[in-house]
>>> print(open('final-v9.cif').read())   # mmCIF, C-alpha atoms
data_upload
#
loop_
_atom_site.label_atom_id
_atom_site.label_comp_id
_atom_site.auth_asym_id
_atom_site.auth_seq_id
_atom_site.Cartn_x
_atom_site.Cartn_y
_atom_site.Cartn_z
CA MET A 1 -13.39 13.92 -20.54
CA THR A 2 -13.20 16.87 -18.16
CA ASP A 3 -11.87 16.45 -14.65
CA ASP A 4 -15.33 16.63 -13.12
CA PRO A 5 -14.74 16.20 -9.40
CA ILE A 6 -17.77 13.96 -9.17
CA GLN A 7 -16.16 11.47 -11.55
CA ARG A 8 -12.65 11.37 -10.14
CA GLY A 9 -12.48 9.76 -6.71
CA VAL A 10 -11.16 11.94 -3.87
CA HIS A 11 -8.58 9.24 -3.22
CA ASP A 12 -7.46 8.86 -6.85
CA LEU A 13 -4.44 11.11 -6.55
CA GLY A 14 -1.93 9.95 -9.16
CA GLY A 15 -0.83 12.85 -11.34
CA LEU A 16 -2.53 15.65 -9.39
CA PRO A 17 -0.45 18.70 -8.54
CA ALA A 18 0.91 18.70 -5.00
CA GLY A 19 3.60 20.30 -2.89
CA PRO A 20 6.86 18.89 -1.54
CA VAL A 21 6.69 15.57 0.27
CA ALA A 22 6.74 16.14 4.03
CA ARG A 23 9.23 13.58 5.26
CA SER A 24 8.62 13.86 8.99
CA GLU A 25 7.06 10.79 10.55
CA HIS A 26 5.04 10.31 13.69
CA ASP A 27 5.13 7.45 16.10
CA TYR A 28 1.78 5.73 16.01
CA ALA A 29 -0.44 6.40 19.03
CA LEU A 30 -1.97 3.42 20.78
CA TRP A 31 -5.44 4.29 19.54
CA GLU A 32 -4.17 4.23 15.95
CA LYS A 33 -2.52 0.85 16.43
CA ARG A 34 -5.78 -0.41 17.88
CA VAL A 35 -7.72 0.79 14.86
CA ASP A 36 -5.24 -1.08 12.68
CA ALA A 37 -5.61 -4.14 14.91
CA LEU A 38 -9.41 -4.04 14.70
CA MET A 39 -9.21 -3.97 10.92
CA VAL A 40 -6.84 -6.94 10.78
CA LEU A 41 -8.83 -9.00 13.28
CA LEU A 42 -12.20 -8.24 11.68
CA SER A 43 -10.98 -9.09 8.21
CA ASN A 44 -9.20 -12.25 9.39
CA GLN A 45 -12.52 -13.33 10.87
CA GLN A 46 -14.34 -12.55 7.60
CA HIS A 47 -16.42 -9.79 9.16
CA MET A 48 -15.21 -7.31 6.56
CA ARG A 49 -12.91 -7.01 3.58
CA VAL A 50 -10.24 -4.38 3.03
CA ASP A 51 -12.13 -3.46 -0.16
CA GLU A 52 -15.15 -2.40 1.90
CA LEU A 53 -12.85 -0.33 4.08
CA ARG A 54 -11.44 1.36 1.00
CA ARG A 55 -14.85 2.00 -0.52
CA ASN A 56 -16.06 3.66 2.65
CA ILE A 57 -12.94 5.82 2.80
CA GLU A 58 -13.44 6.78 -0.84
CA GLY A 59 -17.01 7.74 0.01
CA LEU A 60 -15.82 10.58 2.22
CA GLY A 61 -16.16 13.99 0.62
CA ALA A 62 -13.01 15.76 -0.51
CA GLN A 63 -12.86 18.02 2.54
CA ALA A 64 -13.29 15.18 5.01
CA TYR A 65 -10.77 13.02 3.17
CA GLU A 66 -8.18 15.77 3.35
CA ARG A 67 -8.87 16.89 6.91
CA MET A 68 -9.13 13.52 8.58
CA SER A 69 -5.98 11.71 9.56
CA TYR A 70 -5.23 8.26 8.16
CA TYR A 71 -6.60 6.29 11.10
CA GLU A 72 -9.54 8.65 11.54
CA ARG A 73 -10.53 7.66 8.02
CA TRP A 74 -10.02 4.02 8.94
CA VAL A 75 -12.12 4.06 12.09
CA HIS A 76 -14.87 5.90 10.22
CA ALA A 77 -14.76 3.32 7.45
CA ILE A 78 -14.64 0.32 9.79
CA THR A 79 -17.75 1.48 11.62
CA GLN A 80 -19.53 2.25 8.34
CA THR A 81 -18.71 -1.22 7.05
CA LEU A 82 -19.88 -2.99 10.20
CA ILE A 83 -23.13 -1.02 10.16
CA GLN A 84 -23.60 -1.95 6.49
CA ARG A 85 -22.94 -5.57 7.36
CA GLY A 86 -25.37 -5.48 10.27
CA LEU A 87 -22.74 -6.41 12.86
CA ILE A 88 -23.39 -3.27 14.85
CA SER A 89 -26.11 -0.68 14.67
CA SER A 90 -25.77 3.09 14.67
CA ASP A 91 -27.90 3.14 17.82
CA GLU A 92 -25.66 0.75 19.73
CA LEU A 93 -22.55 2.59 18.67
CA GLY A 94 -24.02 5.97 19.47
CA ARG A 95 -25.01 4.87 22.96
CA LYS A 96 -21.62 3.36 23.59
CA MET A 97 -19.86 6.51 22.36
CA ALA A 98 -22.00 8.57 24.75
CA GLN A 99 -20.98 6.25 27.60
CA VAL A 100 -17.33 6.65 26.72
CA GLU A 101 -17.70 10.43 26.63
CA GLN A 102 -19.48 10.38 29.97
CA ARG A 103 -16.68 8.34 31.55
CA GLN A 104 -14.23 10.84 30.14
CA ARG A 105 -16.07 13.79 31.64
CA GLU A 106 -16.19 12.03 35.01
CA SER A 107 -12.50 11.23 34.97
CA HIS A 108 -11.61 14.84 34.12
CA ALA A 109 -13.99 16.34 36.68
CA MET B 1 -26.26 -19.72 -12.29
CA THR B 2 -25.08 -16.97 -9.97
CA PRO B 3 -22.16 -14.77 -11.03
CA ALA B 4 -19.92 -16.56 -8.52
CA GLN B 5 -20.69 -19.91 -10.09
CA ARG B 6 -19.53 -18.92 -13.54
CA GLU B 7 -16.01 -19.93 -14.54
CA SER B 8 -13.21 -17.41 -14.45
CA PRO B 9 -12.82 -15.64 -17.77
CA ALA B 10 -10.06 -17.05 -19.91
CA GLN B 11 -6.79 -15.19 -19.83
CA GLN B 12 -6.98 -12.91 -22.84
CA PHE B 13 -3.49 -11.40 -22.92
CA GLY B 14 0.07 -12.64 -22.56
CA PRO B 15 3.38 -11.03 -21.67
CA GLY B 16 4.61 -8.65 -24.34
CA GLU B 17 1.17 -7.92 -25.75
CA ARG B 18 0.11 -4.35 -26.27
CA VAL B 19 -3.08 -3.38 -24.42
CA ARG B 20 -5.09 -0.22 -23.91
CA VAL B 21 -6.91 0.80 -20.75
CA ARG B 22 -10.58 1.51 -21.44
CA ARG B 23 -11.87 5.03 -21.09
CA ALA B 24 -14.67 4.38 -18.65
CA TYR B 25 -15.61 6.53 -15.68
CA PRO B 26 -18.24 4.69 -13.67
CA PRO B 27 -18.94 5.26 -10.01
CA GLY B 28 -18.11 2.56 -7.51
CA HIS B 29 -14.90 1.17 -6.07
CA LEU B 30 -12.35 1.04 -8.87
CA ARG B 31 -8.71 0.03 -8.83
CA THR B 32 -7.92 1.52 -12.24
CA PRO B 33 -6.35 4.90 -11.58
CA TRP B 34 -7.83 7.88 -13.38
CA TYR B 35 -4.45 8.84 -14.85
CA ILE B 36 -4.00 5.60 -16.79
CA ARG B 37 -7.38 5.34 -18.49
CA GLY B 38 -7.09 5.57 -22.26
CA HIS B 39 -3.37 4.84 -22.27
CA SER B 40 -1.67 1.89 -23.90
CA GLY B 41 1.18 -0.21 -22.61
CA VAL B 42 2.69 -3.67 -22.75
CA VAL B 43 1.83 -6.61 -20.50
CA GLU B 44 4.86 -7.06 -18.25
CA ARG B 45 3.47 -10.21 -16.60
CA VAL B 46 0.30 -12.12 -15.94
CA CYS B 47 -0.31 -11.95 -12.18
CA GLY B 48 -2.96 -14.64 -11.91
CA ALA B 49 -6.69 -14.38 -11.23
CA TYR B 50 -8.15 -12.68 -8.16
CA PRO B 51 -11.62 -11.89 -6.84
CA ASN B 52 -12.88 -8.64 -8.31
CA PRO B 53 -12.36 -5.76 -5.85
CA GLU B 54 -15.21 -3.80 -7.46
CA GLU B 55 -17.50 -6.51 -6.07
CA LEU B 56 -15.65 -7.25 -2.83
CA ALA B 57 -16.14 -3.61 -1.92
CA TYR B 58 -19.87 -4.27 -1.63
CA ALA B 59 -19.49 -7.43 0.46
CA ARG B 60 -20.03 -9.67 -2.53
CA SER B 61 -17.78 -12.59 -3.31
CA GLY B 62 -15.96 -11.04 -6.25
CA LEU B 63 -16.06 -14.43 -7.96
CA PRO B 64 -15.35 -15.69 -10.49
CA ALA B 65 -11.76 -14.54 -10.10
CA GLN B 66 -10.63 -12.09 -12.77
CA PRO B 67 -7.29 -12.16 -14.57
CA LEU B 68 -4.89 -9.46 -13.35
CA TYR B 69 -1.92 -8.07 -15.26
CA ARG B 70 1.03 -5.81 -14.62
CA VAL B 71 1.10 -3.46 -17.58
CA ARG B 72 4.14 -1.32 -18.33
CA PHE B 73 3.59 2.16 -19.71
CA LEU B 74 6.23 4.59 -20.93
CA GLN B 75 6.16 7.69 -18.76
CA HIS B 76 6.65 10.08 -21.66
CA GLU B 77 3.55 8.59 -23.33
CA VAL B 78 1.42 8.98 -20.21
CA TRP B 79 2.38 12.49 -19.09
CA PRO B 80 2.67 15.43 -21.46
CA GLY B 81 5.93 17.23 -20.73
CA TYR B 82 7.41 14.31 -18.75
CA ARG B 83 10.94 15.26 -17.76
CA GLY B 84 13.07 12.17 -17.61
CA ASN B 85 14.49 9.28 -19.54
CA ALA B 86 12.53 8.16 -22.62
CA GLN B 87 12.59 4.62 -21.21
CA ASP B 88 11.27 5.53 -17.74
CA SER B 89 8.25 3.34 -17.07
CA LEU B 90 5.15 3.18 -14.92
CA ASP B 91 3.93 -0.32 -14.06
CA VAL B 92 0.30 -0.64 -13.00
CA GLU B 93 -1.72 -3.70 -11.96
CA LEU B 94 -4.88 -3.79 -14.02
CA TYR B 95 -7.80 -6.20 -14.22
CA GLN B 96 -8.60 -7.77 -17.56
CA HIS B 97 -12.05 -6.23 -17.86
CA TRP B 98 -10.37 -2.80 -18.02
CA LEU B 99 -8.11 -3.81 -20.90
CA GLU B 100 -8.63 -4.17 -24.61
CA PRO B 101 -6.18 -5.05 -27.37
CA ALA B 102 -4.28 -1.95 -28.53
CA MET C 1 6.86 14.81 15.59
CA HIS C 2 10.59 14.34 15.19
CA ALA C 3 13.01 14.90 12.36
CA HIS C 4 13.08 12.32 9.65
CA HIS C 5 15.17 9.22 10.04
CA ASP C 6 14.69 5.71 8.82
CA HIS C 7 12.52 3.69 11.13
CA ASP C 8 14.48 0.50 11.19
CA HIS C 9 14.02 -0.01 14.89
CA PRO C 10 10.69 -0.26 16.69
CA HIS C 11 9.58 3.00 18.21
CA PRO C 12 7.82 3.27 21.51
CA THR C 13 4.09 3.69 21.10
CA GLN C 14 2.95 7.18 21.79
CA PRO C 15 0.77 6.88 24.88
CA ASP C 16 -2.80 7.99 24.44
CA THR C 17 -2.90 11.53 25.65
CA THR C 18 -4.63 12.29 28.94
CA ASP C 19 -6.27 15.19 27.11
CA ALA C 20 -9.86 14.81 26.03
CA LEU C 21 -10.35 12.11 23.43
CA SER C 22 -11.30 13.33 19.99
CA TYR C 23 -14.52 12.23 18.33
CA TYR C 24 -12.70 9.48 16.44
CA GLN C 25 -10.74 8.33 19.45
CA VAL C 26 -14.07 8.00 21.29
CA MET C 27 -15.34 6.04 18.31
CA GLU C 28 -12.38 3.65 18.52
CA VAL C 29 -12.92 3.00 22.21
CA ALA C 30 -16.65 2.54 21.74
CA LEU C 31 -16.24 0.27 18.73
CA ARG C 32 -13.70 -1.91 20.46
CA GLU C 33 -15.78 -2.21 23.65
CA LEU C 34 -18.91 -2.98 21.66
CA LEU C 35 -17.20 -5.71 19.66
CA ILE C 36 -15.79 -7.22 22.85
CA GLU C 37 -19.20 -7.13 24.53
CA LYS C 38 -20.72 -8.88 21.55
CA GLY C 39 -18.07 -11.59 21.77
CA ILE C 40 -16.76 -10.83 18.29
CA LEU C 41 -13.31 -9.97 19.58
CA SER C 42 -11.53 -10.16 22.90
CA ALA C 43 -9.36 -7.53 24.56
CA ASP C 44 -6.57 -10.08 24.53
CA GLN C 45 -6.81 -10.53 20.76
CA VAL C 46 -6.58 -6.79 20.23
CA ARG C 47 -3.56 -6.52 22.50
CA ARG C 48 -1.83 -9.44 20.79
CA GLN C 49 -2.52 -8.04 17.34
CA VAL C 50 -1.03 -4.67 18.33
CA GLU C 51 2.06 -6.50 19.60
CA ASP C 52 2.24 -8.58 16.45
CA MET C 53 2.21 -5.52 14.24
CA ASP C 54 4.84 -3.86 16.46
CA SER C 55 7.11 -6.84 15.90
CA ARG C 56 7.11 -6.37 12.15
CA THR C 57 9.93 -4.05 11.20
CA PRO C 58 12.09 -3.32 8.15
CA ALA C 59 14.79 -5.52 9.71
CA HIS C 60 12.97 -8.51 8.21
CA GLY C 61 13.08 -7.02 4.75
CA ALA C 62 16.75 -6.20 5.26
CA GLN C 63 17.38 -9.86 6.07
CA VAL C 64 15.89 -10.86 2.73
CA VAL C 65 18.00 -8.34 0.84
CA ALA C 66 21.19 -9.35 2.65
CA ARG C 67 20.57 -12.99 1.79
CA ALA C 68 19.92 -12.12 -1.85
CA TRP C 69 23.14 -10.13 -1.99
CA SER C 70 25.12 -13.01 -0.50
CA ASP C 71 23.56 -15.89 -2.41
CA PRO C 72 22.91 -15.48 -6.17
CA ALA C 73 20.79 -18.65 -6.32
CA PHE C 74 18.55 -17.35 -3.51
CA LYS C 75 18.33 -14.03 -5.31
CA ALA C 76 17.11 -15.78 -8.46
CA ARG C 77 14.49 -17.65 -6.45
CA LEU C 78 13.45 -14.41 -4.72
CA LEU C 79 12.91 -12.68 -8.04
CA ALA C 80 10.98 -15.65 -9.42
CA ASP C 81 8.73 -16.23 -6.38
CA GLY C 82 9.03 -13.73 -3.55
CA ASN C 83 6.65 -15.48 -1.17
CA ALA C 84 8.37 -18.86 -1.44
CA ALA C 85 11.73 -17.20 -0.82
CA LEU C 86 10.42 -15.56 2.36
CA GLU C 87 9.23 -18.91 3.62
CA GLU C 88 12.61 -20.42 2.80
CA ILE C 89 14.34 -18.13 5.30
CA GLY C 90 11.74 -18.57 7.99
CA LEU C 91 9.65 -15.47 7.33
CA GLU C 92 5.91 -15.42 6.81
CA ARG C 93 4.80 -15.88 3.20
CA GLY C 94 2.22 -13.18 3.74
CA PRO C 95 -1.30 -12.65 2.51
CA TYR C 96 -0.35 -11.01 -0.79
CA LYS C 97 1.88 -11.96 -3.69
CA LEU C 98 5.29 -10.34 -3.20
CA VAL C 99 6.85 -8.94 -6.36
CA VAL C 100 10.53 -8.17 -5.87
CA VAL C 101 11.92 -5.60 -8.30
CA GLU C 102 15.64 -5.36 -8.72
CA ASN C 103 17.71 -2.20 -8.97
CA THR C 104 20.63 -2.75 -11.29
CA PRO C 105 23.67 -0.51 -11.25
CA ALA C 106 25.12 1.15 -14.30
CA SER C 107 27.83 -0.97 -15.88
CA THR C 108 29.79 -1.09 -19.11
CA GLU C 109 28.33 -4.53 -19.89
CA THR C 110 24.65 -4.01 -19.07
CA GLY C 111 24.16 -0.29 -19.63
CA PRO C 112 22.83 2.61 -17.58
CA GLY C 113 20.96 0.58 -14.96
CA VAL C 114 17.47 0.59 -13.48
CA HIS C 115 16.02 2.12 -10.33
CA ASN C 116 12.65 1.11 -8.93
CA VAL C 117 10.29 3.02 -6.67
CA ILE C 118 6.98 1.91 -5.15
CA VAL C 119 3.77 3.78 -4.48
CA CYS C 120 0.08 3.12 -3.95
CA THR C 121 -1.62 6.14 -5.51
CA LEU C 122 -5.11 4.97 -4.54
CA CYS C 123 -4.54 4.27 -0.86
CA SER C 124 -1.48 2.90 0.98
CA CYS C 125 -0.86 -0.70 -0.10
CA TYR C 126 2.49 -1.75 1.33
CA PRO C 127 4.17 -5.08 2.25
CA ARG C 128 3.18 -4.65 5.91
CA TRP C 129 3.71 -8.24 6.93
CA LEU C 130 7.35 -7.88 5.97
CA LEU C 131 8.24 -4.26 6.72
CA GLY C 132 5.68 -3.20 9.32
CA LEU C 133 3.51 -0.10 9.09
CA PRO C 134 4.30 2.34 6.29
CA PRO C 135 5.66 5.83 7.03
CA ASP C 136 3.38 8.87 6.89
CA TRP C 137 5.00 10.20 3.74
CA TYR C 138 4.20 7.02 1.79
CA LYS C 139 0.51 7.60 2.54
CA SER C 140 0.64 11.34 1.94
CA ARG C 141 -1.22 13.17 -0.78
CA SER C 142 1.99 14.64 -2.09
CA TYR C 143 3.90 11.37 -2.53
CA ARG C 144 0.96 9.53 -4.02
CA ALA C 145 0.16 12.37 -6.43
CA ARG C 146 3.70 13.17 -7.56
CA VAL C 147 5.90 10.10 -7.61
CA VAL C 148 3.99 8.57 -10.53
CA HIS C 149 4.52 11.55 -12.81
CA GLU C 150 7.69 13.20 -11.51
CA PRO C 151 9.63 10.43 -9.77
CA ARG C 152 13.04 12.00 -10.28
CA GLU C 153 11.95 15.26 -8.65
CA VAL C 154 10.44 13.40 -5.69
CA LEU C 155 13.55 11.25 -5.30
CA SER C 156 15.63 14.41 -5.34
CA GLU C 157 13.61 15.69 -2.41
CA PHE C 158 14.58 12.49 -0.63
CA GLY C 159 18.21 13.27 -1.40
CA LEU C 160 18.49 10.73 -4.20
CA ASP C 161 19.69 12.13 -7.52
CA LEU C 162 19.87 9.50 -10.21
CA PRO C 163 21.87 9.71 -13.44
CA ALA C 164 19.78 10.93 -16.36
CA ASP C 165 20.50 7.82 -18.39
CA MET C 166 19.43 5.41 -15.62
CA VAL C 167 15.90 4.08 -16.18
CA VAL C 168 13.39 4.82 -13.41
CA ARG C 169 10.50 2.42 -12.98
CA VAL C 170 7.56 3.41 -10.81
CA HIS C 171 5.28 0.62 -9.58
CA ASP C 172 1.74 1.58 -8.59
CA SER C 173 0.45 -1.06 -6.21
CA THR C 174 -3.16 -0.96 -7.38
CA ALA C 175 -4.34 -4.53 -6.81
CA ASP C 176 -3.17 -7.77 -5.24
CA MET C 177 0.60 -7.52 -5.60
CA ARG C 178 2.90 -6.02 -2.97
CA TYR C 179 6.38 -4.81 -3.78
CA LEU C 180 9.88 -4.90 -2.37
CA VAL C 181 12.75 -3.08 -4.04
CA LEU C 182 15.93 -5.15 -4.06
CA PRO C 183 18.61 -2.43 -4.01
CA ALA C 184 21.87 -2.95 -5.86
CA ARG C 185 24.63 -4.18 -3.58
CA PRO C 186 27.24 -1.43 -3.16
CA ALA C 187 30.68 -2.43 -4.43
CA ALA C 188 32.24 -1.26 -1.15
CA THR C 189 30.53 -4.15 0.71
CA GLN C 190 32.77 -6.76 -0.88
CA GLY C 191 33.45 -9.47 1.70
CA TRP C 192 30.82 -8.34 4.24
CA ASP C 193 28.77 -10.92 6.10
CA GLU C 194 24.96 -11.02 5.96
CA GLN C 195 24.51 -9.27 9.27
CA GLY C 196 26.70 -6.38 8.15
CA LEU C 197 24.89 -6.19 4.85
CA ALA C 198 21.46 -6.18 6.49
CA GLY C 199 22.63 -3.26 8.62
CA ILE C 200 22.83 -0.90 5.65
CA VAL C 201 19.48 -1.87 4.12
CA THR C 202 16.96 0.68 5.33
CA ARG C 203 13.21 0.76 4.87
CA ASP C 204 13.61 3.67 2.48
CA CYS C 205 15.92 1.56 0.27
CA MET C 206 13.26 -1.14 0.01
CA VAL C 207 10.58 1.36 -1.02
CA GLY C 208 12.98 2.91 -3.50
CA VAL C 209 13.55 6.43 -2.14
CA ALA C 210 17.09 5.78 -0.91
CA LEU C 211 20.18 3.73 -1.68
CA PRO C 212 22.09 1.64 0.86
CA LYS C 213 25.13 3.47 2.22
CA PRO C 214 28.06 1.30 3.32
#
>>> encode(input="final-v9.cif", output="structure tokens")
Amino acid sequence: MTDDPIQRGVHDLGGLPAGPVARSEHDYALWEKRVDALMVLLSNQQHMRVDELRRNIEGLGAQAYERMSYYERWVHAITQTLIQRGLISSDELGRKMAQVEQRQRESHA
Amino acid sequence: MTPAQRESPAQQFGPGERVRVRRAYPPGHLRTPWYIRGHSGVVERVCGAYPNPEELAYARSGLPAQPLYRVRFLQHEVWPGYRGNAQDSLDVELYQHWLEPA
Amino acid sequence: MHAHHDHDHPHPTQPDTTDALSYYQVMEVALRELLIEKGILSADQVRRQVEDMDSRTPAHGAQVVARAWSDPAFKARLLADGNAALEEIGLERGPYKLVVVENTPASTETGPGVHNVIVCTLCSCYPRWLLGLPPDWYKSRSYRARVVHEPREVLSEFGLDLPADMVVRVHDSTADMRYLVLPARPAATQGWDEQGLAGIVTRDCMVGVALPKP
């Protein structure tokens, strides 16, 4: 079986060639810890499963998977899952994101 | 009867048994790494039965629970040109429906 | 970003920058506010969960290792049923089955010894309830891609060079198990108390990329 990129998941990395392991670590920003917290709380309350999170991360294209940071992939996947589950709608989220951006612009003005 | 209402499949393998990972490449959410498909190893332990992540990923129940095993593979059998000890091993958790007798 | 060192102590949270929020940071704020408005979560719950995660550090794992080093019967119980052993010493059992894998030193009686190292090639599965959040490198493309097929080379990069005749076991955390490496107790710690022992057990030792240094 050839290594057709469509067949091998972007996340399925075992055995692929890669460079030296970068050992530097970053302190988690508050927004990242909050993303983690949302995941834990939502799954504890049965609103989503970690498997849905993973599937939505795996659904990112190769470029997005590589470019996005760990918690960027998580927040993307959490929102995808909740939209799939019908807990939130794209429209609601989009409007709320616009509000947040507007508040940001006002506070930086 | 819905899938969730069926009984868990019987445990097919025991510790020490030789098993092979099926060569299957379906789409979906899979927890069988690409690198291990087609390889054979020995059951290191029976982990118990757990809801199937391939189903959980789509907000389904994943029931009935599926038997899960830790299977031990020899590194030099998995990777051509492996540089290390002939006894170096790679232990992978694999669901029963991915395994067949070797 | 700072130079590598073992994160055995809690680090201060990086404050959210006063610079413009990125698209995904906006998404996080919006998502959280929306869920709070809908009554699905409360701001208090989010805050408490962040604090809870902050309180989970490798020191808890080190406690387990120190106890196992000091008490052979506990060690046997830990290897047989990791979750029950955690509960025994007042730690949370956790949501996943804990598999403890033991490093054994080389000896004339038992042979060249075994070294264990943990990875999740598919994502980042890690015993979070016991050790806290995993380090960036554990989740990196490079570690996940390489440690399964060239563990000795990766360990070398971490400064750990193992004897050629020692057996290296890599554990890929692909499903419902979570792993803790029980390092071998260094001979130089003869007579140490548990607190002293716990002090040399770093997170990296319990993932398998380092050895405890007395």
>>> resolve_selection(input="final-v9.cif", expression="the PyMOL selection byres ((chain B and resi 7) around 6)", output="PyMOL selection string")
chain B and resi 6+8+64
>>> interface_residues(input="final-v9.cif", of="chain A", to="chain B", cutoff="6 Å", atoms="only C-alpha atoms", output="MDAnalysis selection string")
chainID A and resid 51:52 55
>>> resolve_selection(input="final-v9.cif", expression="the PyMOL selection byres ((chain C and resi 189-204) around 9)", output="ChimeraX atom specification")
/C:6-8,57-67,69-70,131,183,185-188,205-214
>>> closest_residue(input="final-v9.cif", among="A:Arg103, A:Arg67, A:His26, A:His47", to="chain C", atoms="all atoms listed in the file")
A:His26
>>> residues_around(input="final-v9.cif", residues="B:Glu93", least_positions_apart="5", cutoff="9 Å", atoms="only C-alpha atoms", output="VMD selection string")
(chain B and resid 31 to 32 47 68 to 72) or (chain C and resid 171 to 177)
>>> residues_around(input="final-v9.cif", residues="stretch 151-158 of chain C", least_positions_apart="3", cutoff="8 Å", atoms="all atoms listed in the file", output="ChimeraX atom specification")
/A:20-21 /B:84 /C:143,146-148,161-162,168,170,209-210
>>> write_last_selection(input="final-v9.cif", atoms="C-alpha atoms", output="short mmCIF file (atom, residue, chain, number, x, y, z; two decimals), in the coordinates of the input")
data_model
loop_
_atom_site.label_atom_id
_atom_site.label_comp_id
_atom_site.auth_asym_id
_atom_site.auth_seq_id
_atom_site.Cartn_x
_atom_site.Cartn_y
_atom_site.Cartn_z
CA PRO A 20 6.86 18.89 -1.54
CA VAL A 21 6.69 15.57 0.27
CA GLY B 84 13.07 12.17 -17.61
CA TYR C 143 3.90 11.37 -2.53
CA ARG C 146 3.70 13.17 -7.56
CA VAL C 147 5.90 10.10 -7.61
CA VAL C 148 3.99 8.57 -10.53
CA ASP C 161 19.69 12.13 -7.52
CA LEU C 162 19.87 9.50 -10.21
CA VAL C 168 13.39 4.82 -13.41
CA VAL C 170 7.56 3.41 -10.81
CA VAL C 209 13.55 6.43 -2.14
CA ALA C 210 17.09 5.78 -0.91
#
>>> axis_aligned_box(input="final-v9.cif", around="stretch 9-23 of chain B", padding_each_side="8 Å", output="JSON")
{"center_x": -4.1, "center_y": -6.0, "center_z": -22.0, "size_x": 33.4, "size_y": 38.1, "size_z": 24.5}
>>> atom_distance(input="final-v9.cif", atom1="atom CA of C:Ser22", atom2="atom CA of A:Arg34")
15.0 Å
>>> decode(input="final-v9.cif", residues="stretch 66-98 of chain C", atoms="C-alpha atoms", output="PDB file, in the first residue's frame")
ATOM      1  CA  ALA C  66       9.278   7.363  46.204  1.00  0.00           C
ATOM      2  CA  ARG C  67       6.763   5.162  48.001  1.00  0.00           C
ATOM      3  CA  ALA C  68       7.393   2.302  45.577  1.00  0.00           C
ATOM      4  CA  TRP C  69      11.134   2.619  46.112  1.00  0.00           C
ATOM      5  CA  SER C  70      10.706   2.556  49.891  1.00  0.00           C
ATOM      6  CA  ASP C  71       8.088  -0.180  50.170  1.00  0.00           C
ATOM      7  CA  PRO C  72       8.464  -3.332  48.022  1.00  0.00           C
ATOM      8  CA  ALA C  73       4.937  -4.524  48.855  1.00  0.00           C
ATOM      9  CA  PHE C  74       3.480  -1.188  47.688  1.00  0.00           C
ATOM     10  CA  LYS C  75       5.593  -1.423  44.563  1.00  0.00           C
ATOM     11  CA  ALA C  76       4.127  -4.850  43.793  1.00  0.00           C
ATOM     12  CA  ARG C  77       0.614  -3.491  44.271  1.00  0.00           C
ATOM     13  CA  LEU C  78       1.447  -0.476  42.085  1.00  0.00           C
ATOM     14  CA  LEU C  79       2.617  -2.698  39.262  1.00  0.00           C
ATOM     15  CA  ALA C  80      -0.440  -4.943  39.590  1.00  0.00           C
ATOM     16  CA  ASP C  81      -3.065  -2.177  39.809  1.00  0.00           C
ATOM     17  CA  GLY C  82      -1.815   1.375  39.380  1.00  0.00           C
ATOM     18  CA  ASN C  83      -5.129   3.088  40.072  1.00  0.00           C
ATOM     19  CA  ALA C  84      -5.756   1.257  43.341  1.00  0.00           C
ATOM     20  CA  ALA C  85      -2.238   2.104  44.491  1.00  0.00           C
ATOM     21  CA  LEU C  86      -2.828   5.809  43.807  1.00  0.00           C
ATOM     22  CA  GLU C  87      -5.975   5.704  45.886  1.00  0.00           C
ATOM     23  CA  GLU C  88      -4.079   3.953  48.663  1.00  0.00           C
ATOM     24  CA  ILE C  89      -1.786   6.948  49.113  1.00  0.00           C
ATOM     25  CA  GLY C  90      -4.549   9.507  48.890  1.00  0.00           C
ATOM     26  CA  LEU C  91      -4.218  10.424  45.224  1.00  0.00           C
ATOM     27  CA  GLU C  92      -7.031  10.411  42.703  1.00  0.00           C
ATOM     28  CA  ARG C  93      -7.568   7.091  40.936  1.00  0.00           C
ATOM     29  CA  GLY C  94      -8.072   8.992  37.713  1.00  0.00           C
ATOM     30  CA  PRO C  95     -10.307   8.509  34.717  1.00  0.00           C
ATOM     31  CA  TYR C  96      -8.016   6.080  32.876  1.00  0.00           C
ATOM     32  CA  LYS C  97      -6.341   2.811  33.752  1.00  0.00           C
ATOM     33  CA  LEU C  98      -2.789   3.523  34.906  1.00  0.00           C
TER      34      LEU C  98
END
